$ cat run_11.pdb   # PDB, C-alpha atoms, pLDDT in the B column
ATOM      1  CA  MET A   1       0.000   0.000   0.000  1.00 78.00           C
ATOM      2  CA  ARG A   2       3.026   2.312  -0.187  1.00 92.00           C
ATOM      3  CA  PHE A   3       3.943   4.635  -3.044  1.00 97.00           C
ATOM      4  CA  ARG A   4       7.458   5.400  -4.214  1.00 97.00           C
ATOM      5  CA  ASP A   5       6.625   9.083  -4.673  1.00 97.00           C
ATOM      6  CA  ARG A   6       3.765  11.398  -5.635  1.00 97.00           C
ATOM      7  CA  ARG A   7       4.247  10.772  -9.346  1.00 97.00           C
ATOM      8  CA  GLN A   8       3.738   7.032  -8.945  1.00 98.00           C
ATOM      9  CA  ALA A   9       0.710   7.683  -6.740  1.00 98.00           C
ATOM     10  CA  GLY A  10      -0.636  10.046  -9.397  1.00 98.00           C
ATOM     11  CA  ARG A  11      -0.249   7.461 -12.155  1.00 98.00           C
ATOM     12  CA  GLU A  12      -2.113   4.836 -10.140  1.00 98.00           C
ATOM     13  CA  LEU A  13      -4.866   7.298  -9.265  1.00 98.00           C
ATOM     14  CA  ALA A  14      -5.027   8.413 -12.899  1.00 98.00           C
ATOM     15  CA  ALA A  15      -5.570   4.822 -14.034  1.00 98.00           C
ATOM     16  CA  ARG A  16      -8.591   4.539 -11.757  1.00 97.00           C
ATOM     17  CA  LEU A  17     -10.003   7.833 -13.005  1.00 98.00           C
ATOM     18  CA  ARG A  18      -9.330   6.933 -16.641  1.00 97.00           C
ATOM     19  CA  GLU A  19     -11.550   3.874 -16.172  1.00 97.00           C
ATOM     20  CA  ARG A  20     -14.319   6.243 -15.082  1.00 95.00           C
ATOM     21  CA  GLN A  21     -13.663   8.499 -18.045  1.00 97.00           C
ATOM     22  CA  ASP A  22     -13.748   5.606 -20.517  1.00 96.00           C
ATOM     23  CA  ALA A  23     -17.111   4.615 -19.054  1.00 95.00           C
ATOM     24  CA  GLY A  24     -18.444   8.119 -19.775  1.00 94.00           C
ATOM     25  CA  ASP A  25     -18.459   9.138 -16.114  1.00 92.00           C
ATOM     26  CA  LEU A  26     -16.119  12.163 -16.395  1.00 94.00           C
ATOM     27  CA  PRO A  27     -17.375  14.481 -19.127  1.00 92.00           C
ATOM     28  CA  ASP A  28     -15.430  17.715 -19.702  1.00 92.00           C
ATOM     29  CA  PRO A  29     -13.087  17.276 -16.714  1.00 96.00           C
ATOM     30  CA  LEU A  30     -11.172  20.051 -14.994  1.00 96.00           C
ATOM     31  CA  VAL A  31      -8.443  18.965 -12.550  1.00 97.00           C
ATOM     32  CA  LEU A  32      -7.796  21.198  -9.542  1.00 97.00           C
ATOM     33  CA  ALA A  33      -4.841  20.408  -7.276  1.00 97.00           C
ATOM     34  CA  LEU A  34      -4.449  21.342  -3.626  1.00 96.00           C
ATOM     35  CA  PRO A  35      -0.928  22.795  -3.524  1.00 94.00           C
ATOM     36  CA  ARG A  36       1.710  22.145  -2.999  1.00 93.00           C
ATOM     37  CA  GLY A  37       1.884  18.350  -2.634  1.00 94.00           C
ATOM     38  CA  GLY A  38      -1.294  17.664  -4.557  1.00 97.00           C
ATOM     39  CA  VAL A  39       0.106  19.261  -7.713  1.00 97.00           C
ATOM     40  CA  ALA A  40       2.543  16.425  -8.437  1.00 97.00           C
ATOM     41  CA  VAL A  41      -0.272  13.879  -8.121  1.00 98.00           C
ATOM     42  CA  ALA A  42      -2.751  15.981 -10.094  1.00 98.00           C
ATOM     43  CA  ALA A  43      -0.308  16.522 -12.977  1.00 97.00           C
ATOM     44  CA  GLU A  44      -0.369  12.789 -13.695  1.00 97.00           C
ATOM     45  CA  VAL A  45      -4.164  12.773 -13.492  1.00 98.00           C
ATOM     46  CA  ALA A  46      -4.520  15.732 -15.850  1.00 97.00           C
ATOM     47  CA  GLU A  47      -2.147  14.088 -18.343  1.00 96.00           C
ATOM     48  CA  ALA A  48      -4.110  10.826 -18.354  1.00 97.00           C
ATOM     49  CA  LEU A  49      -7.493  12.516 -18.667  1.00 96.00           C
ATOM     50  CA  GLY A  50      -6.373  15.073 -21.257  1.00 95.00           C
ATOM     51  CA  ALA A  51      -7.694  17.742 -18.900  1.00 95.00           C
ATOM     52  CA  PRO A  52      -6.485  21.221 -17.937  1.00 94.00           C
ATOM     53  CA  LEU A  53      -4.777  21.568 -14.569  1.00 95.00           C
ATOM     54  CA  ASP A  54      -5.052  24.432 -12.118  1.00 95.00           C
ATOM     55  CA  VAL A  55      -4.801  24.935  -8.368  1.00 95.00           C
ATOM     56  CA  LEU A  56      -7.321  25.436  -5.601  1.00 95.00           C
ATOM     57  CA  VAL A  57      -5.240  27.144  -2.929  1.00 94.00           C
ATOM     58  CA  VAL A  58      -6.082  26.172   0.644  1.00 93.00           C
ATOM     59  CA  ARG A  59      -4.577  27.492   3.875  1.00 93.00           C
ATOM     60  CA  LYS A  60      -4.710  25.850   7.263  1.00 89.00           C
ATOM     61  CA  ILE A  61      -5.832  28.001  10.199  1.00 94.00           C
ATOM     62  CA  GLY A  62      -3.584  27.189  13.147  1.00 90.00           C
ATOM     63  CA  ALA A  63      -4.263  27.840  16.803  1.00 89.00           C
ATOM     64  CA  PRO A  64      -2.705  31.067  18.130  1.00 89.00           C
ATOM     65  CA  ARG A  65       0.809  30.376  19.462  1.00 82.00           C
ATOM     66  CA  HIS A  66       0.448  26.757  18.290  1.00 82.00           C
ATOM     67  CA  GLU A  67       0.225  27.199  14.519  1.00 80.00           C
ATOM     68  CA  GLU A  68       0.921  23.549  13.671  1.00 74.00           C
ATOM     69  CA  TYR A  69      -2.313  22.565  15.417  1.00 81.00           C
ATOM     70  CA  GLY A  70      -4.983  23.144  12.799  1.00 83.00           C
ATOM     71  CA  VAL A  71      -8.391  24.348  13.933  1.00 90.00           C
ATOM     72  CA  GLY A  72      -9.754  25.142  10.476  1.00 91.00           C
ATOM     73  CA  ALA A  73      -8.958  26.020   6.879  1.00 93.00           C
ATOM     74  CA  MET A  74      -9.993  28.348   4.071  1.00 94.00           C
ATOM     75  CA  ALA A  75      -9.924  28.232   0.290  1.00 92.00           C
ATOM     76  CA  GLY A  76     -10.325  30.899  -2.362  1.00 80.00           C
ATOM     77  CA  ASP A  77     -12.579  33.682  -1.170  1.00 79.00           C
ATOM     78  CA  GLY A  78     -14.749  31.245   0.782  1.00 80.00           C
ATOM     79  CA  VAL A  79     -15.550  31.642   4.453  1.00 86.00           C
ATOM     80  CA  PRO A  80     -13.256  29.825   6.902  1.00 92.00           C
ATOM     81  CA  VAL A  81     -14.313  26.298   7.855  1.00 92.00           C
ATOM     82  CA  PHE A  82     -13.553  25.581  11.512  1.00 92.00           C
ATOM     83  CA  ASP A  83     -13.207  22.370  13.479  1.00 87.00           C
ATOM     84  CA  GLU A  84     -15.677  23.402  16.131  1.00 88.00           C
ATOM     85  CA  ASP A  85     -14.623  20.645  18.549  1.00 87.00           C
ATOM     86  CA  ALA A  86     -10.996  21.772  18.332  1.00 87.00           C
ATOM     87  CA  VAL A  87     -11.950  25.424  18.768  1.00 91.00           C
ATOM     88  CA  ARG A  88     -14.055  24.698  21.849  1.00 91.00           C
ATOM     89  CA  GLY A  89     -11.468  22.307  23.262  1.00 91.00           C
ATOM     90  CA  LEU A  90      -8.840  25.069  23.218  1.00 90.00           C
ATOM     91  CA  GLY A  91     -11.228  27.608  24.696  1.00 93.00           C
ATOM     92  CA  LEU A  92     -10.934  29.863  21.658  1.00 92.00           C
ATOM     93  CA  THR A  93     -13.402  32.321  20.178  1.00 91.00           C
ATOM     94  CA  ARG A  94     -13.759  33.585  16.597  1.00 89.00           C
ATOM     95  CA  ASP A  95     -12.279  36.904  17.791  1.00 91.00           C
ATOM     96  CA  ASP A  96      -9.186  35.021  19.003  1.00 93.00           C
ATOM     97  CA  LEU A  97      -8.798  33.484  15.560  1.00 94.00           C
ATOM     98  CA  ALA A  98      -9.486  36.653  13.532  1.00 93.00           C
ATOM     99  CA  PRO A  99      -5.802  37.732  13.279  1.00 94.00           C
ATOM    100  CA  VAL A 100      -4.794  34.235  12.145  1.00 94.00           C
ATOM    101  CA  VAL A 101      -7.572  34.178   9.556  1.00 94.00           C
ATOM    102  CA  GLU A 102      -6.498  37.567   8.210  1.00 94.00           C
ATOM    103  CA  ARG A 103      -2.854  36.504   7.966  1.00 93.00           C
ATOM    104  CA  GLU A 104      -3.694  33.259   6.189  1.00 93.00           C
ATOM    105  CA  ARG A 105      -6.060  35.029   3.795  1.00 93.00           C
ATOM    106  CA  THR A 106      -3.231  37.373   2.823  1.00 94.00           C
ATOM    107  CA  GLU A 107      -0.885  34.420   2.223  1.00 93.00           C
ATOM    108  CA  LEU A 108      -3.592  32.588   0.280  1.00 94.00           C
ATOM    109  CA  ALA A 109      -4.023  35.585  -2.036  1.00 92.00           C
ATOM    110  CA  ARG A 110      -0.235  35.839  -2.485  1.00 93.00           C
ATOM    111  CA  ARG A 111       0.028  32.190  -3.519  1.00 93.00           C
ATOM    112  CA  GLU A 112      -2.889  32.462  -5.918  1.00 92.00           C
ATOM    113  CA  ARG A 113      -1.204  35.426  -7.628  1.00 92.00           C
ATOM    114  CA  LEU A 114       2.090  33.532  -7.789  1.00 95.00           C
ATOM    115  CA  TYR A 115       0.650  30.303  -9.173  1.00 94.00           C
ATOM    116  CA  ARG A 116      -1.751  31.899 -11.658  1.00 88.00           C
ATOM    117  CA  GLN A 117       0.726  34.440 -13.038  1.00 88.00           C
ATOM    118  CA  GLY A 118      -2.042  36.842 -13.989  1.00 87.00           C
ATOM    119  CA  ARG A 119      -4.382  34.185 -15.378  1.00 88.00           C
ATOM    120  CA  PRO A 120      -7.965  34.164 -14.082  1.00 89.00           C
ATOM    121  CA  ALA A 121      -9.166  31.251 -11.998  1.00 88.00           C
ATOM    122  CA  PRO A 122     -10.835  28.581 -14.177  1.00 90.00           C
ATOM    123  CA  ASP A 123     -14.611  28.653 -14.309  1.00 93.00           C
ATOM    124  CA  PRO A 124     -16.010  25.334 -12.995  1.00 95.00           C
ATOM    125  CA  ARG A 125     -19.630  26.037 -13.930  1.00 94.00           C
ATOM    126  CA  GLY A 126     -21.132  23.179 -15.899  1.00 92.00           C
ATOM    127  CA  ARG A 127     -17.958  21.066 -15.649  1.00 95.00           C
ATOM    128  CA  THR A 128     -16.914  17.899 -13.877  1.00 97.00           C
ATOM    129  CA  VAL A 129     -14.223  19.011 -11.436  1.00 98.00           C
ATOM    130  CA  VAL A 130     -11.705  16.536 -10.028  1.00 98.00           C
ATOM    131  CA  VAL A 131     -10.055  17.867  -6.859  1.00 98.00           C
ATOM    132  CA  VAL A 132      -6.757  16.085  -6.178  1.00 98.00           C
ATOM    133  CA  ASP A 133      -4.452  15.957  -3.156  1.00 97.00           C
ATOM    134  CA  ASP A 134      -1.614  13.637  -2.151  1.00 97.00           C
ATOM    135  CA  GLY A 135      -3.609  12.238   0.758  1.00 97.00           C
ATOM    136  CA  LEU A 136      -6.396  12.815   3.219  1.00 95.00           C
ATOM    137  CA  ALA A 137      -5.844  12.814   6.983  1.00 91.00           C
ATOM    138  CA  THR A 138      -8.464  14.761   8.978  1.00 87.00           C
ATOM    139  CA  GLY A 139      -9.963  16.315   5.865  1.00 90.00           C
ATOM    140  CA  SER A 140     -10.126  19.884   7.181  1.00 89.00           C
ATOM    141  CA  THR A 141      -8.306  21.492   4.236  1.00 91.00           C
ATOM    142  CA  ALA A 142     -10.142  19.407   1.652  1.00 94.00           C
ATOM    143  CA  ARG A 143     -13.475  20.302   3.269  1.00 94.00           C
ATOM    144  CA  ALA A 144     -12.739  24.021   2.922  1.00 94.00           C
ATOM    145  CA  ALA A 145     -11.707  23.499  -0.704  1.00 94.00           C
ATOM    146  CA  LEU A 146     -14.823  21.535  -1.594  1.00 96.00           C
ATOM    147  CA  ARG A 147     -17.176  24.041   0.016  1.00 94.00           C
ATOM    148  CA  ALA A 148     -15.542  26.956  -1.773  1.00 93.00           C
ATOM    149  CA  LEU A 149     -15.748  25.066  -5.053  1.00 94.00           C
ATOM    150  CA  ARG A 150     -19.370  24.011  -4.540  1.00 94.00           C
ATOM    151  CA  ALA A 151     -20.344  27.681  -4.307  1.00 92.00           C
ATOM    152  CA  ARG A 152     -19.028  28.140  -7.855  1.00 93.00           C
ATOM    153  CA  ASP A 153     -21.555  25.668  -9.294  1.00 94.00           C
ATOM    154  CA  PRO A 154     -19.705  22.748 -10.911  1.00 96.00           C
ATOM    155  CA  VAL A 155     -22.023  20.178 -12.460  1.00 96.00           C
ATOM    156  CA  ARG A 156     -20.202  17.419 -10.554  1.00 96.00           C
ATOM    157  CA  MET A 157     -17.432  17.434  -7.978  1.00 97.00           C
ATOM    158  CA  ILE A 158     -15.057  14.532  -7.298  1.00 98.00           C
ATOM    159  CA  LEU A 159     -12.356  14.330  -4.625  1.00 98.00           C
ATOM    160  CA  ALA A 160      -9.549  11.941  -5.594  1.00 98.00           C
ATOM    161  CA  VAL A 161      -6.615  10.983  -3.358  1.00 98.00           C
ATOM    162  CA  PRO A 162      -4.182   8.055  -3.384  1.00 98.00           C
ATOM    163  CA  VAL A 163      -4.512   7.357   0.349  1.00 98.00           C
ATOM    164  CA  ALA A 164      -6.929   8.432   3.082  1.00 97.00           C
ATOM    165  CA  SER A 165      -7.597   7.749   6.718  1.00 95.00           C
ATOM    166  CA  PRO A 166     -10.893   5.892   7.174  1.00 96.00           C
ATOM    167  CA  SER A 167     -12.198   8.656   9.442  1.00 94.00           C
ATOM    168  CA  GLY A 168     -11.165  11.396   7.018  1.00 93.00           C
ATOM    169  CA  ALA A 169     -12.801   9.589   4.113  1.00 97.00           C
ATOM    170  CA  ALA A 170     -16.018   9.113   6.084  1.00 96.00           C
ATOM    171  CA  ALA A 171     -16.077  12.801   7.024  1.00 93.00           C
ATOM    172  CA  LEU A 172     -15.556  13.994   3.431  1.00 96.00           C
ATOM    173  CA  ARG A 173     -18.002  11.725   1.583  1.00 96.00           C
ATOM    174  CA  PRO A 174     -20.996  13.974   2.370  1.00 96.00           C
ATOM    175  CA  GLU A 175     -19.060  16.993   1.051  1.00 96.00           C
ATOM    176  CA  THR A 176     -18.541  15.705  -2.499  1.00 97.00           C
ATOM    177  CA  ASP A 177     -20.424  13.899  -5.238  1.00 97.00           C
ATOM    178  CA  ASP A 178     -17.837  11.130  -5.293  1.00 97.00           C
ATOM    179  CA  LEU A 179     -14.727  10.248  -3.293  1.00 98.00           C
ATOM    180  CA  ILE A 180     -12.106   8.107  -5.004  1.00 98.00           C
ATOM    181  CA  THR A 181      -9.305   6.599  -2.922  1.00 98.00           C
ATOM    182  CA  LEU A 182      -6.847   3.823  -3.691  1.00 98.00           C
ATOM    183  CA  HIS A 183      -6.187   2.869  -0.066  1.00 97.00           C
ATOM    184  CA  GLU A 184      -7.850   3.571   3.270  1.00 97.00           C
ATOM    185  CA  PRO A 185      -5.481   1.838   5.722  1.00 96.00           C
ATOM    186  CA  ALA A 186      -6.708   1.324   9.272  1.00 95.00           C
ATOM    187  CA  ALA A 187      -3.272   2.078  10.771  1.00 93.00           C
ATOM    188  CA  PHE A 188      -3.181   5.642   9.441  1.00 95.00           C
ATOM    189  CA  MET A 189      -1.026   8.191  11.280  1.00 92.00           C
ATOM    190  CA  ALA A 190      -0.024  10.679   8.561  1.00 92.00           C
ATOM    191  CA  VAL A 191      -0.097  10.976   4.777  1.00 95.00           C
ATOM    192  CA  GLY A 192       3.693  10.919   4.534  1.00 95.00           C
ATOM    193  CA  GLN A 193       4.004   7.460   6.069  1.00 96.00           C
ATOM    194  CA  TRP A 194       2.595   5.937   2.858  1.00 97.00           C
ATOM    195  CA  TYR A 195       5.305   7.431   0.616  1.00 97.00           C
ATOM    196  CA  ASP A 196       8.979   6.465   0.354  1.00 97.00           C
ATOM    197  CA  GLU A 197       9.758   9.980  -0.907  1.00 96.00           C
ATOM    198  CA  PHE A 198       7.648  12.812   0.492  1.00 96.00           C
ATOM    199  CA  ASP A 199       9.720  15.977   0.093  1.00 94.00           C
ATOM    200  CA  GLN A 200       7.944  19.318   0.008  1.00 92.00           C
ATOM    201  CA  LEU A 201       7.397  20.680  -3.503  1.00 93.00           C
ATOM    202  CA  THR A 202       8.833  24.092  -4.301  1.00 94.00           C
ATOM    203  CA  ASP A 203       6.857  26.928  -5.825  1.00 93.00           C
ATOM    204  CA  GLU A 204       8.939  26.557  -9.003  1.00 94.00           C
ATOM    205  CA  GLU A 205       7.934  22.888  -9.290  1.00 94.00           C
ATOM    206  CA  VAL A 206       4.286  23.876  -8.904  1.00 94.00           C
ATOM    207  CA  LEU A 207       4.631  26.538 -11.596  1.00 94.00           C
ATOM    208  CA  GLY A 208       6.377  24.097 -13.920  1.00 93.00           C
ATOM    209  CA  ALA A 209       3.549  21.587 -13.631  1.00 92.00           C
ATOM    210  CA  LEU A 210       0.939  24.261 -14.257  1.00 92.00           C
ATOM    211  CA  ARG A 211       2.769  25.539 -17.339  1.00 90.00           C
ATOM    212  CA  ARG A 212       2.878  22.036 -18.815  1.00 88.00           C
ATOM    213  CA  HIS A 213      -0.859  21.511 -18.399  1.00 84.00           C
ATOM    214  CA  ARG A 214      -2.152  25.020 -18.987  1.00 74.00           C
ATOM    215  CA  PRO A 215      -5.365  25.073 -21.047  1.00 65.00           C
TER     216      PRO A 215
END
$ encode --input "run_11.pdb" --output "structure tokens"
Amino acid sequence: MRFRDRRQAGRELAARLRERQDAGDLPDPLVLALPRGGVAVAAEVAEALGAPLDVLVVRKIGAPRHEEYGVGAMAGDGVPVFDEDAVRGLGLTRDDLAPVVERERTELARRERLYRQGRPAPDPRGRTVVVVDDGLATGSTARAALRALRARDPVRMILAVPVASPSGAAALRPETDDLITLHEPAAFMAVGQWYDEFDQLTDEEVLGALRRHRP
């Protein structure tokens, strides 16, 4: 159930999606990657489907003074999606989180400008949109991405990941029209444990992939 790297995982995921496409289940696909790690997987998917590739930038909202502990996420210009249990458990209020939200929204906008290079965001209306990441743990970032995308009226929305925690997959199924995973291992601790190579992608690598698959 391990992958050598994100490219191998992307090829295996692409094969599953290509079966759907050949069966007529993926008309007019648009592939949106969650950067950075999801871009390497999504590039293989876009290549196999003959589909354009773009990004759906998502930012984690970390707890004040403990930024690695995620209490929510946001995508695009959508409203933040919070893990209410985590927020209550830390005794936080929305006012406590407002400075973090503002900082992450600024960084989100910066990354969108960098990755799009002046191009407008793709219009998902009337299209089948395949959202791709390199894995699914709690699902908080993917949930924010899917809700922001749903507001833009795609005809169908699919979340596709090589590996997912069973709990994360269960939490995300109601958020999308279809969830495609290759593995949902019970002993799931982190996405990176299922890859031999799991280095962080650079912004230049993201831009290179987008240039190769630009519509």
$ resolve_selection --input "run_11.pdb" --expression "the PyMOL selection byres ((chain A and resi 57-68) around 8)" --output "ChimeraX atom specification"
/A:34-35,55-56,69-76,96-97,100-101,104-105,108,111-112,141-142,144-145
$ closest_residue --input "run_11.pdb" --among "A:Ala164, A:Val155, A:Ala209, A:Ala86" --to "Val45 of chain A" --atoms "only C-alpha atoms"
A:Ala209
$ closest_residue --input "run_11.pdb" --among "A:Arg119, A:Arg173, A:Arg110, A:Arg125" --to "Arg152 of chain A" --atoms "all atoms listed in the file"
A:Arg125
$ atom_distance --input "run_11.pdb" --atom1 "atom CA of Pro99 of chain A" --atom2 "atom CA of Glu84 of chain A"
17.6 Å
$ closest_residue --input "run_11.pdb" --among "A:Phe188, A:Leu207, A:Arg16, A:Gln200" --to "Leu114 of chain A" --atoms "only C-alpha atoms"
A:Leu207
$ residues_around --input "run_11.pdb" --residues "Val41 of chain A" --least-positions-apart "4" --cutoff "6 Å" --atoms "all atoms listed in the file" --output "ChimeraX atom specification"
/A:6-7,10
$ atom_distance --input "run_11.pdb" --atom1 "atom CA of Arg150 of chain A" --atom2 "atom CA of Ala121 of chain A"
14.6 Å
$ atom_distance --input "run_11.pdb" --atom1 "atom CA of Arg2 of chain A" --atom2 "atom CA of His183 of chain A"
9.2 Å
$ closest_residue --input "run_11.pdb" --among "A:Thr202, A:Ser165, A:Gln21, A:Thr128" --to "Glu184 of chain A" --atoms "only C-alpha atoms"
A:Ser165
$ residues_around --input "run_11.pdb" --residues "Ala51 of chain A" --least-positions-apart "5" --cutoff "7 Å" --atoms "all atoms listed in the file" --output "PyMOL selection string"
chain A and resi 29-31+46
$ residues_around --input "run_11.pdb" --residues "Pro162 of chain A" --least-positions-apart "3" --cutoff "8 Å" --atoms "all atoms listed in the file" --output "list in words"
Ala9, Gly10, Glu12, Leu13, Asp133, Asp134, Gly135, Thr181, Leu182 and His183 of chain A
$ resolve_selection --input "run_11.pdb" --expression "the PyMOL selection byres ((chain A and resi 5) around 7)" --output "PyMOL selection string"
chain A and resi 3-4+6-9+195-198
$ residues_around --input "run_11.pdb" --residues "Glu205 of chain A" --least-positions-apart "4" --cutoff "10 Å" --atoms "all atoms listed in the file" --output "number ranges by chain"
A: 36, 39-40, 200-201, 209-211
$ residues_around --input "run_11.pdb" --residues "Glu47 of chain A" --least-positions-apart "2" --cutoff "10 Å" --atoms "all atoms listed in the file" --output "VMD selection string"
chain A and resid 10 to 11 14 31 42 to 45 49 to 53 212 to 213
